[in-house]
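**Student:** To start, I am sharing the structure in question, which I have written as structure tokens.
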Amino acid sequence: MSAKDDTPEKPESFGVSRRDFLKTAGVGSLATAVTTVGAAELEAQAGPRVVGPGEVPVTLMVNGKRLDLRIEPRVTLLDAIRNRADMTGNKRVCDRGTCGACTMIIDGRTAYSCSTLAIEAQGKQIRTVEGLSAGNTLHPVQQAFCDHDALMCGFCTPGFVMATVALLEKHPNPTPEQARRGLDGNICRCGTFTRIMEVALSVKGVARG
Ligand code: FES
Ligand code: FES
């Protein structure tokens, strides 16, 4: 018998080296992992869905009413409401999130509508200054601005009114410090802030929001 014949026979049935086995096992695990991860996670890994740049349907709830629009995703909430829905109460002044003239209340919290995309405000309750009065009866905060002569040119006023409403819905009897903090996102270039503080500290009967 030759030396070759003395060599113990290797098992033939596998025909796969250790290296090949590990490679195959790795691929198998990967395939299992992919199956387990599932379509939802793969979709999440693919990133957010891209919409636009053309017009897309956007539905807003403004002052309790449904508003169906077709707008580009880049359109701000302020522009959508002022230019497409003809509600021009809230003003564009700085258009960059510094003055507060465009303040609306979204889901109970003040927001600069010039710096909020309309498409992001879908599914939320949006309140503008137009939604405050009941027919010819002004909201108590609007009435107090008149009674305290708390405006001059009026450009900042709708934003201040909305910020004051949000403040009083959260703190029906605010301390001066709470009032200052609640209104510190708004600027009046005409210098009516002292009168506006009088409003914030005097109005009673605003229901907690
Ligand atoms: S117009 Fe929006 S913060 Fe000035
Ligand atoms: S009343 Fe003119 S900016 Fe405030």
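Each chain of the structure tokens is named A, B, ... in the order shown, its residues numbered from 1; ligands are numbered from 1 in display order.
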Using only C-alpha atoms and all ligand atoms, which residues have at least one atom no more than 10 Å from ligand 2? Output them as a list in words.

**Tutor:**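 The residues within 10 Å of ligand 2, counting only C-alpha atoms and all ligand atoms, are Val93, Cys99, Ala101, Asp149, Ala150, Leu151, Met152, Cys153, Gly154, Phe155, Cys156, Thr157, Pro158, Gly159, Phe160, Asn186, Ile187, Cys188, Arg189, Cys190, Gly191, Thr192, Phe193 and Ile196 of chain A.
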
**Student:** Neighbours of ligand 1 at 10 Å or closer, counting only C-alpha atoms and all ligand atoms: which residues, as a PyMOL selection string?

**Tutor:** chain A and resi 78+90-104+111-116+155-156+159+185-187

**Student:** When you look at A:Val161 with a cut-off of 8 Å (counting only C-alpha atoms), what residues show up, excluding the ones that are within fewer than 5 positions of it in the same chain? I need them as number ranges by chain.

**Tutor:** A: 129, 141-142, 145

**Student:** Could the residues in this selection be written to a file with C-alpha atoms, as a tab-separated table (two decimals), in the first residue's frame?

**Tutor:**
chain	number	residue	atom	x	y	z
A	129	VAL	CA	-56.40	86.07	15.44
A	141	VAL	CA	-57.97	90.04	25.33
A	142	GLN	CA	-58.84	91.93	22.13
A	145	PHE	CA	-56.07	95.93	24.07

**Student:** Taking only stretch 77-169 of chain A into account, list the residues labelled alpha helix (DSSP H) by DSSP (computed from the backbone), as a list in words.

**Tutor:**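 Output for stretch 77-169 of chain A, alpha helix (DSSP H) only: Leu77, Leu78, Asp79, Pro140, Val141, Gln142, Gln143, Ala144, Phe145, Cys146, Asp147, Thr157, Pro158, Gly159, Phe160, Val161, Met162, Ala163, Thr164, Val165, Ala166, Leu167, Leu168 and Glu169 of chain A.
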
**Student:** Could the residues in this selection be written to a file with N, CA, C and O atoms, as an mmCIF file, in the first residue's frame?

**Tutor:**
data_model
loop_
_atom_site.group_PDB
_atom_site.id
_atom_site.type_symbol
_atom_site.label_atom_id
_atom_site.label_comp_id
_atom_site.auth_asym_id
_atom_site.auth_seq_id
_atom_site.Cartn_x
_atom_site.Cartn_y
_atom_site.Cartn_z
ATOM 1 N N LEU A 77 -46.552 78.443 6.958
ATOM 2 C CA LEU A 77 -47.932 78.485 7.455
ATOM 3 C C LEU A 77 -48.496 79.900 7.304
ATOM 4 O O LEU A 77 -49.652 80.088 6.922
ATOM 5 N N LEU A 78 -47.657 80.909 7.574
ATOM 6 C CA LEU A 78 -48.115 82.303 7.450
ATOM 7 C C LEU A 78 -48.543 82.600 6.014
ATOM 8 O O LEU A 78 -49.629 83.149 5.780
ATOM 9 N N ASP A 79 -47.711 82.222 5.042
ATOM 10 C CA ASP A 79 -48.049 82.492 3.642
ATOM 11 C C ASP A 79 -49.276 81.692 3.211
ATOM 12 O O ASP A 79 -50.124 82.199 2.467
ATOM 13 N N PRO A 140 -62.016 88.723 25.174
ATOM 14 C CA PRO A 140 -61.627 89.611 26.277
ATOM 15 C C PRO A 140 -60.242 90.224 26.109
ATOM 16 O O PRO A 140 -60.010 91.376 26.496
ATOM 17 N N VAL A 141 -59.322 89.488 25.522
ATOM 18 C CA VAL A 141 -57.969 90.035 25.328
ATOM 19 C C VAL A 141 -57.993 91.130 24.248
ATOM 20 O O VAL A 141 -57.369 92.184 24.404
ATOM 21 N N GLN A 142 -58.723 90.899 23.175
ATOM 22 C CA GLN A 142 -58.840 91.933 22.131
ATOM 23 C C GLN A 142 -59.471 93.203 22.713
ATOM 24 O O GLN A 142 -59.019 94.322 22.473
ATOM 25 N N GLN A 143 -60.535 92.986 23.512
ATOM 26 C CA GLN A 143 -61.221 94.134 24.112
ATOM 27 C C GLN A 143 -60.280 94.897 25.040
ATOM 28 O O GLN A 143 -60.257 96.135 25.058
ATOM 29 N N ALA A 144 -59.484 94.163 25.789
ATOM 30 C CA ALA A 144 -58.563 94.815 26.734
ATOM 31 C C ALA A 144 -57.489 95.620 26.006
ATOM 32 O O ALA A 144 -57.068 96.672 26.482
ATOM 33 N N PHE A 145 -57.029 95.147 24.851
ATOM 34 C CA PHE A 145 -56.067 95.930 24.067
ATOM 35 C C PHE A 145 -56.683 97.278 23.688
ATOM 36 O O PHE A 145 -56.000 98.310 23.706
ATOM 37 N N CYS A 146 -57.986 97.277 23.334
ATOM 38 C CA CYS A 146 -58.664 98.548 23.004
ATOM 39 C C CYS A 146 -58.796 99.396 24.264
ATOM 40 O O CYS A 146 -58.454 100.585 24.266
ATOM 41 N N ASP A 147 -59.285 98.785 25.343
ATOM 42 C CA ASP A 147 -59.552 99.545 26.573
ATOM 43 C C ASP A 147 -58.278 100.164 27.145
ATOM 44 O O ASP A 147 -58.313 101.243 27.711
ATOM 45 N N THR A 157 -49.675 93.920 16.913
ATOM 46 C CA THR A 157 -50.805 93.632 17.809
ATOM 47 C C THR A 157 -51.395 92.222 17.653
ATOM 48 O O THR A 157 -51.604 91.546 18.665
ATOM 49 N N PRO A 158 -51.687 91.747 16.434
ATOM 50 C CA PRO A 158 -52.263 90.398 16.361
ATOM 51 C C PRO A 158 -51.372 89.340 17.011
ATOM 52 O O PRO A 158 -51.870 88.438 17.699
ATOM 53 N N GLY A 159 -50.063 89.464 16.811
ATOM 54 C CA GLY A 159 -49.144 88.502 17.419
ATOM 55 C C GLY A 159 -49.150 88.610 18.934
ATOM 56 O O GLY A 159 -49.155 87.593 19.646
ATOM 57 N N PHE A 160 -49.174 89.864 19.443
ATOM 58 C CA PHE A 160 -49.226 90.051 20.895
ATOM 59 C C PHE A 160 -50.550 89.533 21.461
ATOM 60 O O PHE A 160 -50.586 88.964 22.559
ATOM 61 N N VAL A 161 -51.639 89.756 20.720
ATOM 62 C CA VAL A 161 -52.940 89.258 21.198
ATOM 63 C C VAL A 161 -52.889 87.733 21.317
ATOM 64 O O VAL A 161 -53.298 87.161 22.343
ATOM 65 N N MET A 162 -52.354 87.062 20.300
ATOM 66 C CA MET A 162 -52.299 85.596 20.348
ATOM 67 C C MET A 162 -51.382 85.114 21.486
ATOM 68 O O MET A 162 -51.698 84.156 22.186
ATOM 69 N N ALA A 163 -50.256 85.803 21.658
ATOM 70 C CA ALA A 163 -49.340 85.405 22.741
ATOM 71 C C ALA A 163 -49.991 85.627 24.107
ATOM 72 O O ALA A 163 -49.816 84.832 25.030
ATOM 73 N N THR A 164 -50.779 86.720 24.233
ATOM 74 C CA THR A 164 -51.451 86.988 25.513
ATOM 75 C C THR A 164 -52.552 85.954 25.776
ATOM 76 O O THR A 164 -52.728 85.503 26.911
ATOM 77 N N VAL A 165 -53.278 85.587 24.728
ATOM 78 C CA VAL A 165 -54.305 84.546 24.893
ATOM 79 C C VAL A 165 -53.654 83.240 25.366
ATOM 80 O O VAL A 165 -54.126 82.599 26.327
ATOM 81 N N ALA A 166 -52.568 82.858 24.711
ATOM 82 C CA ALA A 166 -51.889 81.609 25.106
ATOM 83 C C ALA A 166 -51.386 81.698 26.545
ATOM 84 O O ALA A 166 -51.490 80.734 27.319
ATOM 85 N N LEU A 167 -50.859 82.874 26.913
ATOM 86 C CA LEU A 167 -50.379 83.064 28.296
ATOM 87 C C LEU A 167 -51.517 82.869 29.288
ATOM 88 O O LEU A 167 -51.379 82.137 30.285
ATOM 89 N N LEU A 168 -52.677 83.539 29.019
ATOM 90 C CA LEU A 168 -53.777 83.503 29.992
ATOM 91 C C LEU A 168 -54.496 82.151 30.004
ATOM 92 O O LEU A 168 -55.112 81.792 31.005
ATOM 93 N N GLU A 169 -54.426 81.427 28.895
ATOM 94 C CA GLU A 169 -54.997 80.075 28.916
ATOM 95 C C GLU A 169 -54.138 79.146 29.779
ATOM 96 O O GLU A 169 -54.642 78.201 30.361
#
